[in-house]
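Student: Okay, so here is protein.cif, and as you'll see once you scroll down, it has mmCIF, C-alpha atoms.
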```
data_upload
loop_
_atom_site.label_atom_id
_atom_site.label_comp_id
_atom_site.auth_asym_id
_atom_site.auth_seq_id
_atom_site.Cartn_x
_atom_site.Cartn_y
_atom_site.Cartn_z
CA MET A 20 52.03 -42.80 -36.07
CA LEU A 21 48.31 -42.65 -36.64
CA LEU A 22 46.68 -39.33 -35.74
CA ASN A 23 43.80 -41.26 -34.20
CA GLU A 24 45.95 -42.87 -31.51
CA PHE A 25 46.55 -39.46 -29.96
CA LEU A 26 42.98 -38.29 -30.49
CA PHE A 27 41.59 -41.42 -28.81
CA LEU A 28 43.89 -40.94 -25.84
CA GLY A 29 42.68 -37.34 -25.60
CA ALA A 30 39.05 -38.47 -25.85
CA PHE A 31 39.59 -40.99 -23.04
CA LEU A 32 41.19 -38.39 -20.76
CA PHE A 33 38.33 -35.99 -21.57
CA ALA A 34 35.68 -38.61 -20.73
CA ALA A 35 37.43 -39.48 -17.46
CA GLY A 36 37.53 -35.77 -16.58
CA VAL A 37 33.83 -35.36 -17.36
CA TYR A 38 33.02 -38.31 -15.11
CA GLY A 39 35.16 -36.82 -12.32
CA VAL A 40 33.53 -33.38 -12.57
CA LEU A 41 30.07 -34.92 -12.35
CA ALA A 42 30.66 -37.63 -9.74
CA ARG A 43 33.04 -36.06 -7.21
CA ARG A 44 31.78 -34.03 -4.28
CA ASN A 45 35.15 -32.79 -2.98
CA ALA A 46 35.86 -29.43 -4.66
CA VAL A 47 39.63 -30.05 -4.97
CA LEU A 48 38.95 -33.34 -6.77
CA VAL A 49 36.60 -31.54 -9.18
CA LEU A 50 39.39 -29.07 -10.00
CA MET A 51 41.74 -32.03 -10.65
CA SER A 52 39.19 -33.47 -13.09
CA VAL A 53 39.07 -30.11 -14.88
CA GLU A 54 42.86 -30.37 -15.26
CA LEU A 55 42.38 -33.78 -16.91
CA ILE A 56 39.99 -32.18 -19.43
CA LEU A 57 42.42 -29.33 -20.19
CA ASN A 58 45.25 -31.83 -20.76
CA ALA A 59 43.08 -33.82 -23.15
CA VAL A 60 42.56 -30.62 -25.14
CA ASN A 61 46.33 -29.95 -25.12
CA ILE A 62 47.07 -33.41 -26.53
CA ASN A 63 44.60 -32.75 -29.34
CA LEU A 64 46.10 -29.33 -30.10
CA VAL A 65 49.68 -30.60 -30.28
CA ALA A 66 48.67 -33.70 -32.27
CA PHE A 67 46.85 -31.61 -34.87
CA GLY A 68 49.78 -29.21 -34.95
CA ALA A 69 52.13 -32.12 -35.74
CA PHE A 70 49.64 -33.41 -38.29
CA ARG A 71 49.58 -30.08 -40.12
CA ASN A 72 53.34 -29.56 -39.67
CA SER A 73 52.70 -26.20 -38.05
CA ALA A 74 53.81 -24.68 -34.76
CA VAL A 75 50.43 -23.04 -34.11
CA GLY A 76 49.12 -26.08 -32.25
CA GLN A 77 51.99 -25.81 -29.78
CA VAL A 78 51.37 -22.06 -29.37
CA PHE A 79 47.74 -22.71 -28.46
CA ALA A 80 48.77 -25.50 -26.08
CA LEU A 81 51.05 -23.01 -24.30
CA PHE A 82 48.16 -20.54 -24.02
CA VAL A 83 45.95 -23.29 -22.55
CA ILE A 84 48.67 -24.15 -20.00
CA ALA A 85 48.89 -20.49 -18.92
CA ILE A 86 45.10 -20.21 -18.59
CA ALA A 87 45.03 -23.49 -16.63
CA ALA A 88 47.57 -22.11 -14.17
CA ALA A 89 45.40 -19.00 -13.65
CA GLU A 90 42.29 -21.16 -13.29
CA VAL A 91 43.83 -23.37 -10.62
CA GLY A 92 45.07 -20.36 -8.64
CA VAL A 93 41.67 -18.64 -8.56
CA GLY A 94 39.80 -21.94 -8.17
CA LEU A 95 41.79 -23.03 -5.13
CA ALA A 96 41.41 -19.56 -3.59
CA ILE A 97 37.62 -19.86 -3.97
CA VAL A 98 37.68 -23.39 -2.49
CA LEU A 99 39.69 -22.06 0.44
CA LEU A 100 37.12 -19.29 0.98
CA ILE A 101 34.26 -21.82 0.87
CA TYR A 102 36.11 -23.94 3.43
CA ARG A 103 36.67 -20.93 5.68
CA ASN A 104 33.01 -19.95 5.59
CA ARG A 105 31.39 -23.38 5.80
CA ARG A 106 34.05 -25.68 7.34
CA SER A 107 33.51 -28.10 4.47
CA ILE A 108 34.26 -28.31 0.74
CA ASP A 109 31.46 -30.76 -0.02
CA LEU A 110 29.96 -29.39 -3.25
CA SER A 111 26.57 -31.01 -2.65
CA GLU A 112 26.19 -28.76 0.41
CA VAL A 113 26.97 -25.57 -1.53
CA ASP A 114 23.45 -25.13 -2.89
CA ALA A 115 22.54 -21.57 -1.86
CA MET A 116 21.82 -20.65 -5.51
CA ARG A 117 19.72 -23.73 -6.26
CA GLY A 118 16.47 -22.76 -7.98
CA MET B 7 58.87 -46.11 -35.98
CA VAL B 8 58.29 -49.33 -33.99
CA ALA B 9 59.99 -47.82 -30.94
CA GLN B 10 57.59 -44.88 -31.15
CA HIS B 11 54.62 -47.23 -31.14
CA ILE B 12 55.91 -49.17 -28.13
CA ALA B 13 56.61 -45.94 -26.23
CA PHE B 14 53.17 -44.63 -27.10
CA GLY B 15 51.47 -47.85 -26.00
CA ILE B 16 53.18 -47.95 -22.61
CA THR B 17 52.59 -44.23 -21.99
CA ALA B 18 48.96 -44.38 -23.06
CA PHE B 19 48.28 -47.41 -20.83
CA VAL B 20 49.86 -45.75 -17.79
CA MET B 21 47.94 -42.54 -18.50
CA ALA B 22 44.62 -44.36 -18.88
CA VAL B 23 45.12 -46.20 -15.57
CA GLY B 24 46.19 -42.95 -13.90
CA ALA B 25 43.21 -40.99 -15.24
CA VAL B 26 40.78 -43.65 -14.01
CA ARG B 27 42.47 -43.70 -10.60
CA VAL B 28 42.31 -39.87 -10.34
CA VAL B 29 38.53 -39.93 -10.66
CA THR B 30 37.87 -43.11 -8.64
CA THR B 31 40.41 -43.29 -5.80
CA LYS B 32 39.15 -42.98 -2.24
CA ASN B 33 42.18 -41.00 -1.08
CA VAL B 34 42.50 -37.31 -1.96
CA VAL B 35 46.31 -37.23 -1.77
CA HIS B 36 46.55 -40.33 -3.96
CA ALA B 37 44.32 -38.56 -6.51
CA ALA B 38 46.84 -35.69 -6.65
CA LEU B 39 49.75 -38.13 -7.08
CA TRP B 40 47.93 -40.08 -9.81
CA LEU B 41 47.22 -36.74 -11.51
CA MET B 42 50.99 -36.19 -11.49
CA VAL B 43 51.44 -39.53 -13.30
CA VAL B 44 48.93 -38.47 -15.96
CA LEU B 45 50.59 -35.07 -16.39
CA ALA B 46 54.01 -36.69 -16.81
CA GLY B 47 52.45 -39.00 -19.40
CA VAL B 48 51.12 -35.98 -21.28
CA ALA B 49 54.66 -34.55 -21.30
CA ALA B 50 55.92 -37.85 -22.75
CA ILE B 51 53.24 -37.70 -25.45
CA PHE B 52 54.39 -34.17 -26.32
CA ILE B 53 57.94 -35.46 -26.72
CA LEU B 54 56.65 -38.22 -28.99
CA LEU B 55 55.01 -35.50 -31.09
CA ALA B 56 58.35 -33.60 -31.25
CA ALA B 57 56.96 -30.73 -29.18
CA GLU B 58 59.80 -30.67 -26.69
CA PHE B 59 59.31 -27.06 -25.56
CA VAL B 60 55.68 -27.69 -24.65
CA ALA B 61 56.78 -30.89 -22.86
CA VAL B 62 59.29 -28.96 -20.73
CA VAL B 63 56.70 -26.28 -19.96
CA GLN B 64 54.25 -29.04 -19.03
CA VAL B 65 56.72 -30.50 -16.52
CA LEU B 66 57.63 -27.08 -15.09
CA VAL B 67 54.14 -25.63 -14.80
CA TYR B 68 51.95 -28.66 -14.17
CA ILE B 69 54.12 -31.07 -12.21
CA GLY B 70 56.23 -28.37 -10.61
CA ALA B 71 53.56 -25.85 -9.69
CA ILE B 72 49.99 -27.01 -10.14
CA VAL B 73 50.29 -30.39 -8.38
CA VAL B 74 52.06 -28.66 -5.47
CA LEU B 75 49.22 -26.12 -5.41
CA PHE B 76 46.70 -28.98 -5.27
CA LEU B 77 48.58 -30.59 -2.39
CA PHE B 78 48.54 -27.25 -0.55
CA GLY B 79 44.81 -26.97 -1.26
CA ILE B 80 44.22 -30.44 0.19
CA MET B 81 46.31 -29.56 3.22
CA LEU B 82 44.66 -26.19 3.88
CA THR B 83 41.11 -27.53 3.53
CA ARG B 84 41.96 -30.35 5.96
CA ALA B 85 40.54 -32.99 3.67
CA PRO B 86 40.58 -36.37 5.35
CA ILE B 87 44.01 -37.86 4.70
CA GLY B 88 43.63 -41.57 4.23
CA ARG B 89 40.70 -43.56 2.94
CA ASP B 90 37.40 -41.78 2.75
CA SER B 91 34.33 -43.41 1.26
CA ASP B 92 32.41 -40.16 1.03
CA LEU B 93 34.18 -38.54 -1.91
CA ASP B 94 31.57 -39.35 -4.56
CA ASN B 95 28.03 -38.00 -4.69
CA SER B 96 24.85 -39.90 -5.43
CA GLN B 97 24.94 -39.49 -9.21
CA ARG B 98 27.86 -41.83 -9.88
CA LEU B 99 25.98 -44.16 -12.22
CA ALA B 100 24.54 -41.32 -14.28
CA SER B 101 28.00 -39.72 -14.44
CA LEU B 102 29.52 -43.00 -15.59
CA LEU B 103 26.86 -43.19 -18.31
CA VAL B 104 27.60 -39.61 -19.42
CA GLY B 105 31.35 -40.29 -19.46
CA LEU B 106 30.92 -43.45 -21.53
CA LEU B 107 28.58 -41.64 -23.92
CA VAL B 108 31.07 -38.79 -24.36
CA PHE B 109 33.88 -41.24 -25.08
CA GLY B 110 31.72 -43.32 -27.44
CA LEU B 111 30.57 -40.25 -29.36
CA LEU B 112 34.08 -38.80 -29.68
CA ALA B 113 35.55 -42.20 -30.65
CA SER B 114 32.94 -42.86 -33.33
CA VAL B 115 33.27 -39.38 -34.84
CA LEU B 116 37.09 -39.50 -34.76
CA SER B 117 37.33 -42.97 -36.30
CA LYS B 118 34.93 -41.94 -39.04
CA GLN B 119 36.76 -38.71 -39.82
CA TYR B 120 40.43 -39.60 -39.24
CA GLY B 121 40.31 -43.36 -39.76
CA ARG B 122 43.74 -44.05 -41.27
CA VAL B 123 45.32 -40.61 -41.32
CA HIS B 124 49.04 -40.69 -40.48
CA ILE B 125 51.20 -38.01 -38.93
CA HIS B 126 54.18 -37.33 -41.20
CA GLN B 127 56.54 -35.05 -39.41
CA THR B 128 58.91 -33.55 -41.92
CA THR B 129 60.71 -31.08 -39.69
CA ILE B 130 62.23 -31.47 -36.25
CA GLY B 131 63.38 -28.97 -33.63
CA ARG B 132 60.72 -26.38 -34.20
CA THR B 133 60.97 -24.46 -30.95
CA SER B 134 62.17 -21.44 -32.92
CA ASP B 135 59.01 -21.71 -35.02
CA VAL B 136 56.95 -21.64 -31.84
CA ALA B 137 58.77 -18.52 -30.66
CA GLN B 138 58.41 -16.92 -34.09
CA SER B 139 54.70 -17.64 -34.06
CA ILE B 140 54.13 -16.37 -30.51
CA PHE B 141 56.00 -13.11 -31.02
CA THR B 142 54.67 -12.20 -34.46
CA GLN B 143 51.23 -13.53 -35.27
CA TYR B 144 50.05 -14.17 -31.70
CA VAL B 145 51.77 -11.36 -29.84
CA ILE B 146 48.53 -9.65 -28.77
CA PRO B 147 46.98 -12.86 -27.35
CA PHE B 148 50.33 -13.48 -25.64
CA GLU B 149 50.22 -10.10 -23.92
CA ALA B 150 46.56 -10.65 -23.04
CA VAL B 151 47.45 -13.98 -21.42
CA SER B 152 50.15 -12.22 -19.40
CA VAL B 153 47.58 -9.72 -18.11
CA VAL B 154 45.13 -12.56 -17.37
CA LEU B 155 47.78 -14.37 -15.32
CA LEU B 156 48.61 -11.22 -13.37
CA ALA B 157 44.93 -10.52 -12.74
CA ALA B 158 44.36 -14.11 -11.66
CA LEU B 159 47.27 -14.04 -9.21
CA VAL B 160 46.18 -10.71 -7.70
CA GLY B 161 42.60 -11.98 -7.58
CA ALA B 162 43.63 -15.21 -5.85
CA ILE B 163 45.52 -13.25 -3.20
CA VAL B 164 42.60 -10.88 -2.65
CA ILE B 165 40.08 -13.75 -2.43
CA ALA B 166 42.13 -15.91 -0.07
CA ARG B 167 43.36 -13.09 2.19
CA ARG B 168 42.15 -13.01 5.78
CA ASP B 169 40.71 -9.66 6.79
#
```
Could you render the structure as structure tokens?
Tutor:
Amino acid sequence: MLLNEFLFLGAFLFAAGVYGVLARRNAVLVLMSVELILNAVNINLVAFGAFRNSAVGQVFALFVIAIAAAEVGVGLAIVLLIYRNRRSIDLSEVDAMRG
Amino acid sequence: MVAQHIAFGITAFVMAVGAVRVVTTKNVVHAALWLMVVLAGVAAIFILLAAEFVAVVQVLVYIGAIVVLFLFGIMLTRAPIGRDSDLDNSQRLASLLVGLLVFGLLASVLSKQYGRVHIHQTTIGRTSDVAQSIFTQYVIPFEAVSVVLLAALVGAIVIARRD
């Protein structure tokens, strides 16, 4: 297999995630797009690990998965708090810190 | 080798369609379900790369826990179930441009740098290597990640608790 096949797939997932983070206004959908980005990174890590015949890529992918789980937990708790305070999770309305 | 290429092609196509649907669908629940398709595809890619332990963890953690968490988040925030045309903000075109630019930049750099580089996997079944690596060289980051997870869980409970 070519290394580039995996890297291109990762790049596509990353670009889709970037589009989702920028274009979505529902906070839960933005968190889903962040998950797409993290998975793109994981594909790259494991592909490079296979390329170098080393297990370190897989170790880092496992770390990223653990951090992603923590991120989703805290992120959804924050979204829930925003919903409780404002009755909406529209991110374009959450602009109290806009300069 | 040919079977690997066919499997990769099918998986990559499904994942690409799923990723596009996650960021464009008008239905929040469908977005979560398409995300599940993409995550399963990532697990399949890990298996193709002979990283079966990471693939199993991907299925357990992502599909088993995180997607369910997303569905709970959708449910608790009472997002409109069903079609909703108001999920995107006004900067869609600019975002599309940024996404295409990111992909173009990454693709051009990658094809220049790793044009015809092949993956030659010489060893198989390296889960023991992963364990060896985690518990010797990376044992301190591993413990730190454990503490981070604990802190995140406690923090999530404290943030979301009703007083």
Student: Neighbouring residues of B:Ala18 were defined as those with any atom within 10 Å, considering only C-alpha atoms; residues of the same chain fewer than 6 positions away were excluded. Please report them as a PyMOL selection string.
Tutor: (chain A and resi 24-25+27-29+31) or (chain B and resi 12+24+44+47-48+50-51)
Student: Give me the residues within 12 Å of A:Val65 as a PyMOL selection string, counting only C-alpha atoms and dropping any in the same chain fewer than 3 places off.
Tutor: (chain A and resi 22+25-26+29+58-62+68-83) or (chain B and resi 48-49+51-61+125+136)
Student: How would the residues just picked look written out with C-alpha atoms as a short mmCIF file (atom, residue, chain, number, x, y, z; two decimals), in the frame of the given file?
Tutor:
```cif
data_model
loop_
_atom_site.label_atom_id
_atom_site.label_comp_id
_atom_site.auth_asym_id
_atom_site.auth_seq_id
_atom_site.Cartn_x
_atom_site.Cartn_y
_atom_site.Cartn_z
CA LEU A 22 46.68 -39.33 -35.74
CA PHE A 25 46.55 -39.46 -29.96
CA LEU A 26 42.98 -38.29 -30.49
CA GLY A 29 42.68 -37.34 -25.60
CA ASN A 58 45.25 -31.83 -20.76
CA ALA A 59 43.08 -33.82 -23.15
CA VAL A 60 42.56 -30.62 -25.14
CA ASN A 61 46.33 -29.95 -25.12
CA ILE A 62 47.07 -33.41 -26.53
CA GLY A 68 49.78 -29.21 -34.95
CA ALA A 69 52.13 -32.12 -35.74
CA PHE A 70 49.64 -33.41 -38.29
CA ARG A 71 49.58 -30.08 -40.12
CA ASN A 72 53.34 -29.56 -39.67
CA SER A 73 52.70 -26.20 -38.05
CA ALA A 74 53.81 -24.68 -34.76
CA VAL A 75 50.43 -23.04 -34.11
CA GLY A 76 49.12 -26.08 -32.25
CA GLN A 77 51.99 -25.81 -29.78
CA VAL A 78 51.37 -22.06 -29.37
CA PHE A 79 47.74 -22.71 -28.46
CA ALA A 80 48.77 -25.50 -26.08
CA LEU A 81 51.05 -23.01 -24.30
CA PHE A 82 48.16 -20.54 -24.02
CA VAL A 83 45.95 -23.29 -22.55
CA VAL B 48 51.12 -35.98 -21.28
CA ALA B 49 54.66 -34.55 -21.30
CA ILE B 51 53.24 -37.70 -25.45
CA PHE B 52 54.39 -34.17 -26.32
CA ILE B 53 57.94 -35.46 -26.72
CA LEU B 54 56.65 -38.22 -28.99
CA LEU B 55 55.01 -35.50 -31.09
CA ALA B 56 58.35 -33.60 -31.25
CA ALA B 57 56.96 -30.73 -29.18
CA GLU B 58 59.80 -30.67 -26.69
CA PHE B 59 59.31 -27.06 -25.56
CA VAL B 60 55.68 -27.69 -24.65
CA ALA B 61 56.78 -30.89 -22.86
CA ILE B 125 51.20 -38.01 -38.93
CA VAL B 136 56.95 -21.64 -31.84
#
```
Student: Evaluate the PyMOL selection byres ((chain A) within 6 of (chain B)) here and jot the selected residues down as a list in words.
Tutor: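 Selection result, ordered by chain and number: Met20, Leu21, Leu22, Ala30, Ala34, Val37, Tyr38, Gly39, Leu41, Ala42, Arg43, Arg44, Asn45, Phe70, Ala74, Ala89, Val93 and Ala96 of chain A.
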Student: Tell me which residues the PyMOL selection byres ((chain A and resi 105-118) around 7) grabs here, as a PyMOL selection string.
Tutor: chain A and resi 44-46+98+101-104
Student: Interatomic distance between atom CA of A:Glu90 and atom CA of B:His36?
Tutor: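 Interatomic distance, atom CA of A:Glu90 to atom CA of B:His36: 21.7 Å.
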Student: Just the number, please: distance in Å from atom CA of A:Ala87 to atom CA of A:Val53, one decimal.
Tutor: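 Those two atoms sit 9.1 Å apart.
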Student: Hey, could you patch up stretch 134-165 of chain B with N, CA and C atoms and hand it over as a compact mmCIF listing (two decimals), keeping the file's coordinate frame?
Tutor:
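File rebuild_22.txt, as written:
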```
# COMPACT_ATOMS: atom_id res chain seq x y z
N SER B 134 62.03 -22.80 -32.38
CA SER B 134 62.17 -21.44 -32.92
C SER B 134 60.91 -21.04 -33.69
N ASP B 135 60.27 -22.02 -34.34
CA ASP B 135 59.01 -21.71 -35.02
C ASP B 135 57.94 -21.29 -34.02
N VAL B 136 57.93 -22.00 -32.88
CA VAL B 136 56.95 -21.64 -31.84
C VAL B 136 57.18 -20.21 -31.38
N ALA B 137 58.45 -19.87 -31.11
CA ALA B 137 58.77 -18.52 -30.66
C ALA B 137 58.39 -17.49 -31.72
N GLN B 138 58.75 -17.81 -32.98
CA GLN B 138 58.41 -16.92 -34.09
C GLN B 138 56.91 -16.66 -34.13
N SER B 139 56.15 -17.75 -33.96
CA SER B 139 54.70 -17.64 -34.06
C SER B 139 54.14 -16.83 -32.89
N ILE B 140 54.67 -17.07 -31.68
CA ILE B 140 54.13 -16.37 -30.51
C ILE B 140 54.40 -14.87 -30.63
N PHE B 141 55.63 -14.52 -31.08
CA PHE B 141 56.00 -13.11 -31.02
C PHE B 141 55.74 -12.34 -32.30
N THR B 142 55.10 -12.97 -33.30
CA THR B 142 54.67 -12.20 -34.46
C THR B 142 53.15 -12.25 -34.58
N GLN B 143 52.65 -13.44 -34.96
CA GLN B 143 51.23 -13.53 -35.27
C GLN B 143 50.37 -13.45 -34.01
N TYR B 144 50.87 -14.05 -32.90
CA TYR B 144 50.05 -14.17 -31.70
C TYR B 144 50.56 -13.31 -30.56
N VAL B 145 51.17 -12.15 -30.91
CA VAL B 145 51.77 -11.36 -29.84
C VAL B 145 50.71 -10.70 -28.98
N ILE B 146 49.58 -10.30 -29.56
CA ILE B 146 48.53 -9.65 -28.77
C ILE B 146 47.85 -10.65 -27.83
N PRO B 147 47.46 -11.86 -28.31
CA PRO B 147 46.98 -12.86 -27.35
C PRO B 147 48.00 -13.19 -26.27
N PHE B 148 49.29 -13.19 -26.64
CA PHE B 148 50.33 -13.48 -25.64
C PHE B 148 50.32 -12.44 -24.53
N GLU B 149 50.27 -11.16 -24.93
CA GLU B 149 50.22 -10.10 -23.92
C GLU B 149 48.94 -10.19 -23.10
N ALA B 150 47.83 -10.53 -23.76
CA ALA B 150 46.56 -10.65 -23.04
C ALA B 150 46.65 -11.76 -22.01
N VAL B 151 47.30 -12.89 -22.37
CA VAL B 151 47.45 -13.98 -21.42
C VAL B 151 48.30 -13.55 -20.23
N SER B 152 49.33 -12.73 -20.51
CA SER B 152 50.15 -12.22 -19.40
C SER B 152 49.30 -11.43 -18.42
N VAL B 153 48.43 -10.54 -18.98
CA VAL B 153 47.58 -9.72 -18.11
C VAL B 153 46.60 -10.61 -17.34
N VAL B 154 46.07 -11.65 -18.04
CA VAL B 154 45.13 -12.56 -17.37
C VAL B 154 45.81 -13.25 -16.19
N LEU B 155 47.06 -13.70 -16.41
CA LEU B 155 47.78 -14.37 -15.32
C LEU B 155 47.99 -13.45 -14.14
N LEU B 156 48.40 -12.20 -14.45
CA LEU B 156 48.61 -11.22 -13.37
C LEU B 156 47.32 -10.98 -12.62
N ALA B 157 46.22 -10.77 -13.38
CA ALA B 157 44.93 -10.52 -12.74
C ALA B 157 44.51 -11.70 -11.89
N ALA B 158 44.76 -12.92 -12.40
CA ALA B 158 44.36 -14.11 -11.66
C ALA B 158 45.15 -14.23 -10.36
N LEU B 159 46.45 -13.93 -10.43
CA LEU B 159 47.27 -14.04 -9.21
C LEU B 159 46.83 -13.01 -8.18
N VAL B 160 46.63 -11.74 -8.64
CA VAL B 160 46.18 -10.71 -7.70
C VAL B 160 44.81 -11.09 -7.14
N GLY B 161 43.93 -11.59 -8.03
CA GLY B 161 42.60 -11.98 -7.58
C GLY B 161 42.65 -13.10 -6.56
N ALA B 162 43.52 -14.09 -6.79
CA ALA B 162 43.63 -15.21 -5.85
C ALA B 162 44.08 -14.72 -4.49
N ILE B 163 45.05 -13.78 -4.49
CA ILE B 163 45.52 -13.25 -3.20
C ILE B 163 44.41 -12.50 -2.49
N VAL B 164 43.67 -11.67 -3.27
CA VAL B 164 42.60 -10.88 -2.65
C VAL B 164 41.50 -11.80 -2.10
N ILE B 165 41.16 -12.86 -2.88
CA ILE B 165 40.08 -13.75 -2.43
C ILE B 165 40.49 -14.50 -1.17
```
